[in-house]
$ cat my_file_23.cif   # mmCIF, C-alpha atoms
data_start
#
loop_
_atom_site.group_PDB
_atom_site.id
_atom_site.type_symbol
_atom_site.label_atom_id
_atom_site.label_comp_id
_atom_site.auth_asym_id
_atom_site.auth_seq_id
_atom_site.Cartn_x
_atom_site.Cartn_y
_atom_site.Cartn_z
ATOM 1 C CA MET A 283 -85.588 -100.573 -211.790
ATOM 2 C CA PRO A 284 -85.520 -99.020 -208.305
ATOM 3 C CA ALA A 285 -87.718 -100.710 -205.742
ATOM 4 C CA THR A 286 -89.995 -97.641 -205.708
ATOM 5 C CA TYR A 287 -91.218 -98.633 -209.188
ATOM 6 C CA ARG A 288 -92.901 -102.004 -209.410
ATOM 7 C CA LEU A 289 -92.795 -102.781 -213.082
ATOM 8 C CA ASN A 290 -95.975 -104.244 -214.480
ATOM 9 C CA LYS A 291 -94.573 -106.117 -217.473
ATOM 10 C CA SER A 292 -97.859 -106.585 -219.273
ATOM 11 C CA VAL A 293 -98.661 -102.865 -218.977
ATOM 12 C CA GLY A 294 -95.157 -101.933 -220.167
ATOM 13 C CA GLU A 295 -95.284 -104.302 -223.126
ATOM 14 C CA ARG A 296 -98.709 -103.037 -224.149
ATOM 15 C CA GLN A 297 -97.619 -99.390 -223.924
ATOM 16 C CA TYR A 298 -94.438 -100.116 -225.904
ATOM 17 C CA LYS A 299 -96.467 -101.730 -228.684
ATOM 18 C CA THR A 300 -98.773 -98.726 -228.738
ATOM 19 C CA GLN A 301 -95.864 -96.284 -229.036
ATOM 20 C CA ILE A 302 -93.892 -98.246 -231.638
ATOM 21 C CA SER A 303 -97.024 -98.656 -233.775
ATOM 22 C CA LYS A 304 -97.475 -94.870 -234.015
ATOM 23 C CA VAL A 305 -94.995 -94.352 -236.820
ATOM 24 C CA PRO A 306 -94.387 -90.638 -237.379
ATOM 25 C CA ASN A 307 -94.279 -89.175 -240.870
ATOM 26 C CA GLY A 308 -90.740 -89.008 -242.215
ATOM 27 C CA LEU A 309 -89.320 -91.703 -239.941
ATOM 28 C CA GLY A 310 -87.212 -93.022 -242.823
ATOM 29 C CA ALA A 311 -85.397 -89.708 -243.174
ATOM 30 C CA THR A 312 -84.844 -89.503 -239.426
ATOM 31 C CA THR A 313 -83.484 -93.047 -239.322
ATOM 32 C CA ALA A 314 -81.065 -92.266 -242.160
ATOM 33 C CA ASN A 315 -79.885 -89.074 -240.441
ATOM 34 C CA ILE A 316 -79.319 -90.830 -237.124
ATOM 35 C CA GLN A 317 -77.412 -93.636 -238.807
ATOM 36 C CA ARG A 318 -75.203 -91.106 -240.591
ATOM 37 C CA LEU A 319 -74.604 -89.474 -237.229
ATOM 38 C CA LEU A 320 -73.609 -92.778 -235.658
ATOM 39 C CA ARG A 321 -71.531 -94.294 -238.409
ATOM 40 C CA SER A 322 -69.242 -92.699 -240.949
ATOM 41 C CA ILE A 323 -69.197 -94.656 -244.202
ATOM 42 C CA ASP A 324 -65.899 -96.378 -244.924
ATOM 43 C CA PHE A 325 -63.777 -93.830 -246.734
ATOM 44 C CA VAL A 326 -62.433 -95.124 -250.024
ATOM 45 C CA GLY A 327 -59.632 -93.351 -251.822
ATOM 46 C CA TRP A 328 -56.823 -94.065 -254.232
ATOM 47 C CA SER A 329 -53.113 -93.677 -253.674
ATOM 48 C CA THR A 330 -51.023 -93.199 -256.795
ATOM 49 C CA HIS A 331 -47.362 -93.655 -257.718
ATOM 50 C CA GLU A 332 -47.398 -97.222 -256.369
ATOM 51 C CA GLU A 333 -45.220 -100.054 -257.679
ATOM 52 C CA SER A 334 -48.051 -102.582 -257.519
ATOM 53 C CA GLY A 335 -51.816 -102.561 -257.652
ATOM 54 C CA ARG A 336 -54.131 -101.339 -260.395
ATOM 55 C CA LEU A 337 -52.585 -99.874 -263.544
ATOM 56 C CA ASP A 338 -52.967 -96.099 -263.580
ATOM 57 C CA ARG A 339 -53.482 -95.191 -267.224
ATOM 58 C CA ARG A 340 -52.568 -91.580 -266.516
ATOM 59 C CA ALA A 341 -49.091 -92.774 -265.532
ATOM 60 C CA LEU A 342 -48.269 -94.521 -268.817
ATOM 61 C CA THR A 343 -46.118 -91.602 -269.920
ATOM 62 C CA ARG A 344 -43.911 -92.222 -266.875
ATOM 63 C CA PHE A 345 -43.614 -95.876 -267.886
ATOM 64 C CA GLY A 346 -42.111 -94.750 -271.183
ATOM 65 C CA THR A 347 -39.297 -93.082 -269.255
ATOM 66 C CA GLY A 348 -38.557 -96.216 -267.247
ATOM 67 C CA SER A 349 -40.616 -95.458 -264.145
ATOM 68 C CA THR A 350 -42.158 -98.447 -262.362
ATOM 69 C CA ASN A 351 -44.477 -96.550 -260.002
ATOM 70 C CA ILE A 352 -47.357 -96.525 -262.459
ATOM 71 C CA PHE A 353 -49.929 -98.273 -260.309
ATOM 72 C CA SER A 354 -52.603 -97.071 -257.870
ATOM 73 C CA ARG A 355 -54.055 -98.763 -254.831
ATOM 74 C CA ARG A 356 -57.370 -98.360 -253.055
ATOM 75 C CA ASP A 357 -57.128 -97.118 -249.482
ATOM 76 C CA TYR A 358 -59.744 -97.797 -246.827
ATOM 77 C CA LYS A 359 -60.434 -95.846 -243.675
ATOM 78 C CA PRO A 360 -62.602 -97.974 -241.338
ATOM 79 C CA ALA A 361 -65.862 -96.437 -240.137
ATOM 80 C CA GLU A 362 -65.810 -95.038 -236.631
ATOM 81 C CA SER A 363 -67.712 -96.817 -233.871
ATOM 82 C CA SER A 364 -70.347 -95.091 -231.737
ATOM 83 C CA ALA A 365 -71.903 -95.443 -228.304
ATOM 84 C CA VAL A 366 -75.141 -93.693 -227.384
ATOM 85 C CA SER A 367 -76.693 -92.764 -224.059
ATOM 86 C CA VAL A 368 -80.331 -91.652 -223.916
ATOM 87 C CA LEU A 369 -80.992 -89.695 -220.712
ATOM 88 C CA ILE A 370 -84.590 -88.858 -219.784
ATOM 89 C CA ASP A 371 -85.728 -86.244 -217.297
ATOM 90 C CA CYS A 372 -88.255 -88.131 -215.152
ATOM 91 C CA SER A 373 -88.960 -85.338 -212.661
ATOM 92 C CA SER A 374 -92.494 -84.312 -211.703
ATOM 93 C CA SER A 375 -92.449 -81.373 -214.146
ATOM 94 C CA MET A 376 -92.448 -83.956 -216.945
ATOM 95 C CA GLU A 377 -95.769 -85.467 -215.869
ATOM 96 C CA GLY A 378 -98.546 -85.732 -218.423
ATOM 97 C CA GLY A 379 -97.887 -84.894 -222.045
ATOM 98 C CA ARG A 380 -94.155 -84.246 -221.693
ATOM 99 C CA ILE A 381 -93.220 -87.672 -220.316
ATOM 100 C CA ASN A 382 -95.443 -89.331 -222.926
ATOM 101 C CA ILE A 383 -93.543 -87.539 -225.692
ATOM 102 C CA ALA A 384 -90.229 -88.510 -224.031
ATOM 103 C CA GLU A 385 -91.326 -92.149 -223.942
ATOM 104 C CA TYR A 386 -92.379 -92.013 -227.594
ATOM 105 C CA ILE A 387 -89.037 -90.536 -228.654
ATOM 106 C CA ALA A 388 -87.070 -93.000 -226.478
ATOM 107 C CA VAL A 389 -88.947 -95.994 -227.892
ATOM 108 C CA HIS A 390 -88.330 -94.998 -231.509
ATOM 109 C CA LEU A 391 -84.719 -93.984 -230.850
ATOM 110 C CA SER A 392 -84.102 -97.346 -229.180
ATOM 111 C CA SER A 393 -85.549 -99.175 -232.163
ATOM 112 C CA ILE A 394 -83.330 -97.231 -234.588
ATOM 113 C CA LEU A 395 -80.230 -97.742 -232.436
ATOM 114 C CA SER A 396 -80.903 -101.453 -232.087
ATOM 115 C CA ARG A 397 -81.324 -101.876 -235.845
ATOM 116 C CA SER A 398 -78.088 -99.937 -236.340
ATOM 117 C CA ARG A 399 -76.317 -102.379 -233.999
ATOM 118 C CA VAL A 400 -74.984 -99.533 -231.906
ATOM 119 C CA PRO A 401 -74.375 -100.095 -228.170
ATOM 120 C CA PHE A 402 -76.739 -97.865 -226.207
ATOM 121 C CA THR A 403 -78.314 -97.299 -222.832
ATOM 122 C CA VAL A 404 -81.530 -95.554 -221.750
ATOM 123 C CA ASN A 405 -81.800 -94.071 -218.267
ATOM 124 C CA GLY A 406 -84.202 -91.823 -216.448
ATOM 125 C CA PHE A 407 -83.227 -89.425 -213.669
ATOM 126 C CA GLN A 408 -85.046 -87.769 -210.787
ATOM 127 C CA SER A 409 -84.705 -87.249 -207.035
ATOM 128 C CA SER A 410 -86.965 -87.605 -204.056
ATOM 129 C CA GLY A 411 -86.387 -83.969 -203.164
ATOM 130 C CA VAL A 412 -85.298 -85.115 -199.712
ATOM 131 C CA ALA A 413 -81.997 -86.932 -200.108
ATOM 132 C CA LYS A 414 -79.278 -84.302 -200.319
ATOM 133 C CA GLU A 415 -75.568 -84.186 -199.726
ATOM 134 C CA ARG A 416 -73.302 -81.343 -198.665
ATOM 135 C CA ILE A 417 -70.785 -80.622 -201.370
ATOM 136 C CA ASN A 418 -69.099 -77.477 -200.054
ATOM 137 C CA ARG A 419 -68.967 -74.883 -197.306
ATOM 138 C CA ASP A 420 -68.291 -71.339 -198.460
ATOM 139 C CA SER A 421 -66.236 -68.640 -196.729
ATOM 140 C CA ASN A 422 -69.271 -67.564 -194.717
ATOM 141 C CA GLY A 423 -69.814 -71.061 -193.385
ATOM 142 C CA VAL A 424 -72.897 -71.664 -195.511
ATOM 143 C CA ASN A 425 -73.358 -75.193 -196.815
ATOM 144 C CA THR A 426 -74.027 -75.802 -200.499
ATOM 145 C CA TYR A 427 -76.271 -78.773 -201.175
ATOM 146 C CA ALA A 428 -77.080 -80.771 -204.274
ATOM 147 C CA GLU A 429 -79.891 -83.243 -204.817
ATOM 148 C CA THR A 430 -78.709 -86.817 -205.093
ATOM 149 C CA PRO A 431 -80.006 -88.292 -208.345
ATOM 150 C CA THR A 432 -81.900 -91.534 -208.631
ATOM 151 C CA PHE A 433 -81.317 -93.273 -211.951
ATOM 152 C CA ILE A 434 -83.898 -95.544 -213.559
ATOM 153 C CA PRO A 435 -82.185 -98.058 -215.882
ATOM 154 C CA PHE A 436 -84.791 -98.557 -218.586
ATOM 155 C CA LYS A 437 -82.226 -100.180 -220.861
ATOM 156 C CA PRO A 438 -78.705 -100.971 -219.535
ATOM 157 C CA TRP A 439 -75.687 -101.223 -221.839
ATOM 158 C CA ASN A 440 -75.399 -104.988 -221.505
ATOM 159 C CA LYS A 441 -79.049 -105.874 -222.176
ATOM 160 C CA SER A 442 -80.862 -106.341 -225.461
ATOM 161 C CA LEU A 443 -83.715 -104.136 -226.595
ATOM 162 C CA GLN A 444 -86.069 -107.122 -226.606
ATOM 163 C CA SER A 445 -85.458 -107.841 -222.913
ATOM 164 C CA CYS A 446 -86.078 -104.182 -222.003
ATOM 165 C CA ILE A 447 -89.338 -103.627 -223.882
ATOM 166 C CA PRO A 448 -91.515 -103.699 -220.708
ATOM 167 C CA ALA A 449 -89.292 -101.126 -218.974
ATOM 168 C CA LEU A 450 -89.190 -98.805 -221.999
ATOM 169 C CA GLY A 451 -92.974 -98.952 -222.168
ATOM 170 C CA TYR A 452 -93.134 -97.927 -218.516
ATOM 171 C CA ILE A 453 -91.258 -94.636 -218.884
ATOM 172 C CA SER A 454 -94.459 -92.597 -218.866
ATOM 173 C CA SER A 455 -95.337 -94.033 -215.436
ATOM 174 C CA CYS A 456 -92.124 -92.819 -213.800
ATOM 175 C CA ALA A 457 -92.393 -89.000 -213.700
ATOM 176 C CA ASP A 458 -91.984 -87.899 -210.085
ATOM 177 C CA GLY A 459 -89.735 -85.983 -207.691
ATOM 178 C CA GLY A 460 -87.145 -83.280 -208.193
ATOM 179 C CA THR A 461 -84.741 -82.486 -211.015
ATOM 180 C CA PRO A 462 -81.076 -83.135 -210.130
ATOM 181 C CA ASP A 463 -80.100 -81.988 -213.609
ATOM 182 C CA TYR A 464 -76.431 -81.070 -213.136
ATOM 183 C CA SER A 465 -75.334 -84.227 -211.309
ATOM 184 C CA SER A 466 -77.393 -86.500 -213.567
ATOM 185 C CA ILE A 467 -76.060 -85.080 -216.828
ATOM 186 C CA TYR A 468 -72.540 -85.015 -215.377
ATOM 187 C CA ASN A 469 -72.798 -88.731 -214.547
ATOM 188 C CA ALA A 470 -74.063 -89.528 -218.050
ATOM 189 C CA ILE A 471 -71.173 -87.612 -219.624
ATOM 190 C CA ASP A 472 -68.668 -89.357 -217.353
ATOM 191 C CA ASP A 473 -70.138 -92.793 -218.122
ATOM 192 C CA LEU A 474 -69.969 -92.187 -221.875
ATOM 193 C CA SER A 475 -66.448 -90.760 -221.735
ATOM 194 C CA ARG A 476 -65.202 -94.083 -220.332
ATOM 195 C CA ARG A 477 -66.492 -96.046 -223.315
ATOM 196 C CA SER A 478 -63.980 -97.321 -225.879
ATOM 197 C CA GLU A 479 -65.988 -96.279 -228.942
ATOM 198 C CA THR A 480 -64.709 -93.403 -231.064
ATOM 199 C CA ARG A 481 -67.937 -91.424 -231.080
ATOM 200 C CA LYS A 482 -69.900 -90.847 -227.900
ATOM 201 C CA ILE A 483 -73.342 -89.252 -228.185
ATOM 202 C CA LEU A 484 -75.714 -88.240 -225.396
ATOM 203 C CA PHE A 485 -79.371 -87.708 -226.299
ATOM 204 C CA LEU A 486 -80.997 -85.661 -223.526
ATOM 205 C CA LEU A 487 -84.810 -85.571 -223.331
ATOM 206 C CA THR A 488 -86.026 -82.876 -220.930
ATOM 207 C CA ASP A 489 -88.337 -79.941 -220.350
ATOM 208 C CA ALA A 490 -85.338 -78.038 -218.908
ATOM 209 C CA ALA A 491 -87.520 -76.776 -216.050
ATOM 210 C CA GLY A 492 -85.420 -74.782 -213.584
ATOM 211 C CA TYR A 493 -82.144 -75.406 -215.386
ATOM 212 C CA ASP A 494 -79.384 -72.921 -214.620
ATOM 213 C CA VAL A 495 -78.064 -71.909 -218.044
ATOM 214 C CA SER A 496 -74.522 -71.280 -216.760
ATOM 215 C CA HIS A 497 -74.435 -74.758 -215.172
ATOM 216 C CA MET A 498 -75.573 -76.374 -218.420
ATOM 217 C CA GLN A 499 -73.018 -74.411 -220.412
ATOM 218 C CA HIS A 500 -70.341 -75.689 -218.034
ATOM 219 C CA LEU A 501 -71.517 -79.249 -218.706
ATOM 220 C CA GLN A 502 -71.442 -78.523 -222.445
ATOM 221 C CA SER A 503 -67.824 -77.403 -222.111
ATOM 222 C CA LEU A 504 -66.974 -80.517 -220.079
ATOM 223 C CA ALA A 505 -68.602 -82.788 -222.655
ATOM 224 C CA ASP A 506 -66.643 -81.098 -225.448
ATOM 225 C CA LYS A 507 -63.375 -81.706 -223.612
ATOM 226 C CA LEU A 508 -64.225 -85.374 -223.011
ATOM 227 C CA GLY A 509 -65.312 -85.995 -226.592
ATOM 228 C CA VAL A 510 -69.006 -86.432 -225.780
ATOM 229 C CA THR A 511 -71.544 -84.891 -228.172
ATOM 230 C CA ILE A 512 -74.747 -83.706 -226.482
ATOM 231 C CA VAL A 513 -77.922 -83.672 -228.557
ATOM 232 C CA ALA A 514 -80.581 -82.023 -226.371
ATOM 233 C CA ILE A 515 -84.253 -82.464 -227.221
ATOM 234 C CA GLY A 516 -86.349 -80.003 -225.263
ATOM 235 C CA ILE A 517 -89.963 -81.049 -224.799
ATOM 236 C CA HIS A 518 -92.049 -77.875 -224.713
ATOM 237 C CA ALA A 519 -88.790 -76.249 -223.607
ATOM 238 C CA TYR A 520 -87.562 -73.441 -225.819
ATOM 239 C CA ASP A 521 -84.919 -72.394 -223.284
ATOM 240 C CA VAL A 522 -83.043 -75.627 -223.979
ATOM 241 C CA THR A 523 -81.411 -73.894 -226.942
ATOM 242 C CA LYS A 524 -79.742 -71.490 -224.488
ATOM 243 C CA CYS A 525 -78.220 -74.381 -222.553
ATOM 244 C CA PHE A 526 -76.723 -76.646 -225.224
ATOM 245 C CA VAL A 527 -75.052 -76.057 -228.577
ATOM 246 C CA ASN A 528 -76.871 -78.889 -230.373
ATOM 247 C CA SER A 529 -80.477 -78.561 -229.270
ATOM 248 C CA VAL A 530 -84.030 -78.318 -230.535
ATOM 249 C CA SER A 531 -87.456 -77.966 -228.949
ATOM 250 C CA VAL A 532 -90.323 -80.294 -229.849
ATOM 251 C CA GLY A 533 -93.974 -79.794 -229.036
ATOM 252 C CA ASN A 534 -95.692 -82.928 -230.284
ATOM 253 C CA LEU A 535 -95.036 -86.487 -231.401
ATOM 254 C CA ASN A 536 -94.466 -85.726 -235.066
ATOM 255 C CA ASP A 537 -91.762 -83.203 -234.145
ATOM 256 C CA LEU A 538 -89.482 -86.229 -233.755
ATOM 257 C CA THR A 539 -89.193 -86.237 -237.533
ATOM 258 C CA SER A 540 -89.712 -82.544 -238.156
ATOM 259 C CA VAL A 541 -87.455 -80.471 -240.377
ATOM 260 C CA ALA A 542 -85.914 -78.881 -237.263
ATOM 261 C CA PHE A 543 -84.891 -82.204 -235.702
ATOM 262 C CA ASN A 544 -83.531 -83.628 -238.936
ATOM 263 C CA THR A 545 -81.634 -80.406 -239.581
ATOM 264 C CA LEU A 546 -80.125 -80.711 -236.098
ATOM 265 C CA LEU A 547 -78.993 -84.278 -236.778
ATOM 266 C CA LYS A 548 -77.392 -83.244 -240.079
ATOM 267 C CA THR A 549 -75.634 -80.328 -238.393
ATOM 268 C CA VAL A 550 -74.171 -82.560 -235.671
ATOM 269 C CA GLN A 551 -73.118 -85.141 -238.263
ATOM 270 C CA ARG A 552 -71.247 -82.486 -240.260
ATOM 271 C CA LYS A 553 -69.510 -81.235 -237.118
ATOM 272 C CA LEU A 554 -68.364 -84.723 -236.187
ATOM 273 C CA LYS A 555 -67.118 -85.337 -239.710
ATOM 274 C CA CYS A 556 -65.004 -82.182 -239.561
ATOM 275 C CA ASN A 557 -63.414 -83.079 -236.198
#
$ encode --input "my_file_23.cif" --output "structure tokens"
Amino acid sequence: MPATYRLNKSVGERQYKTQISKVPNGLGATTANIQRLLRSIDFVGWSTHEESGRLDRRALTRFGTGSTNIFSRRDYKPAESSAVSVLIDCSSSMEGGRINIAEYIAVHLSSILSRSRVPFTVNGFQSSGVAKERINRDSNGVNTYAETPTFIPFKPWNKSLQSCIPALGYISSCADGGTPDYSSIYNAIDDLSRRSETRKILFLLTDAAGYDVSHMQHLQSLADKLGVTIVAIGIHAYDVTKCFVNSVSVGNLNDLTSVAFNTLLKTVQRKLKCN
């Protein structure tokens, strides 16, 4: 964690236990839908007209004519691997109820991902609102600035869930500063795109406050080109559906397992299966 956040492990562990103990209705269905999204079941099929394997009874008539390709063999297509990044908006607009819902969702998502044995990371993003960098100077000599994001590594790729429990339980204490949305989401997409896994999924938890829809649509297009699937969960943020193709707005804790969220997961899973 950045030096600006002094993690109180006992507080984080206690908060994590509180969140994980609040099991939402329908968690089993949500878990199943997420696991289907992350892993395709090994495809099993049969190839016919083989010269060895299992006898194909439907081919016995060919045997009578001297044909030897009367067997069938089972074909396997290995399940695809997945990597998941959970990115949390930790700006000041998330303070209060929103960041608590984000923490709740992140805790339960992390538990599901860990049980699924899927590599994943959980990061928060924000900015001080002061640190900026010039990124361009237009034809009129006017500088264009962008806020430099600060990332909070609640759960790095190379660490176990167990070792990160205190940090995950401290998410709700980290809402502060500005919202460097474009650069933060861009970095998350870039990080995921470099992973070796076949499927790359970015869960974005945000209130989408101040988001420029055209900028988010550009990021959606970039993610599509790089093979990264964005699943945006707007917390009290109905405009999030204008920004991302796969998105849903939640308003309370039980919305994590609502019909809308589970429908979204099924929709994304079908899309990935078709690609």
$ residues_around --input "my_file_23.cif" --residues "Lys524 (chain A)" --least-positions-apart "6" --cutoff "10 Å" --atoms "all atoms listed in the file" --output "ChimeraX atom specification"
/A:494-496,498-499
$ atom_distance --input "my_file_23.cif" --atom1 "CA of Lys291 (chain A)" --atom2 "CA of Cys456 (chain A)"
14.0 Å
$ residues_around --input "my_file_23.cif" --residues "His390 (chain A)" --least-positions-apart "6" --cutoff "12 Å" --atoms "only C-alpha atoms" --output "list in words"
Tyr298, Lys299, Thr300, Gln301, Ile302, Ser303, Lys304, Val305, Pro306, Leu309, Gly310, Thr312, Thr313, Ile316, Val368, Ile383, Ala384, Ser396, Arg397, Val404, Leu443, Ile447, Leu450, Gly451, Leu535, Asn536, Leu538 and Thr539 of chain A
$ resolve_selection --input "my_file_23.cif" --expression "the PyMOL selection byres ((chain A and resi 457) around 9)" --output "number ranges by chain"
A: 371-378, 381, 408, 453-456, 458-459
$ closest_residue --input "my_file_23.cif" --among "A:Ser540, A:Thr480, A:Thr461, A:Ser442" --to "Leu320 (chain A)" --atoms "all atoms listed in the file"
A:Thr480
$ closest_residue --input "my_file_23.cif" --among "A:Lys437, A:Arg380, A:Arg318, A:Arg288" --to "Ser392 (chain A)" --atoms "only C-alpha atoms"
A:Lys437
$ atom_distance --input "my_file_23.cif" --atom1 "CA of Pro401 (chain A)" --atom2 "CA of Asp463 (chain A)"
23.9 Å
$ residues_around --input "my_file_23.cif" --residues "Val550 (chain A)" --least-positions-apart "6" --cutoff "12 Å" --atoms "only C-alpha atoms" --output "VMD selection string"
chain A and resid 315 to 320 481 483 to 485 510 to 514 527 to 530 543 to 544 556 to 557
$ atom_distance --input "my_file_23.cif" --atom1 "CA of Arg476 (chain A)" --atom2 "CA of Tyr452 (chain A)"
28.3 Å
$ closest_residue --input "my_file_23.cif" --among "A:Thr549, A:Gln297, A:Gln502, A:Thr432" --to "Val389 (chain A)" --atoms "only C-alpha atoms"
A:Gln297
$ residues_near_point --input "my_file_23.cif" --point "(-71.1, -103.0, -234.4)" --cutoff "9 Å" --atoms "all atoms listed in the file" --output "ChimeraX atom specification"
/A:363-364,398-401
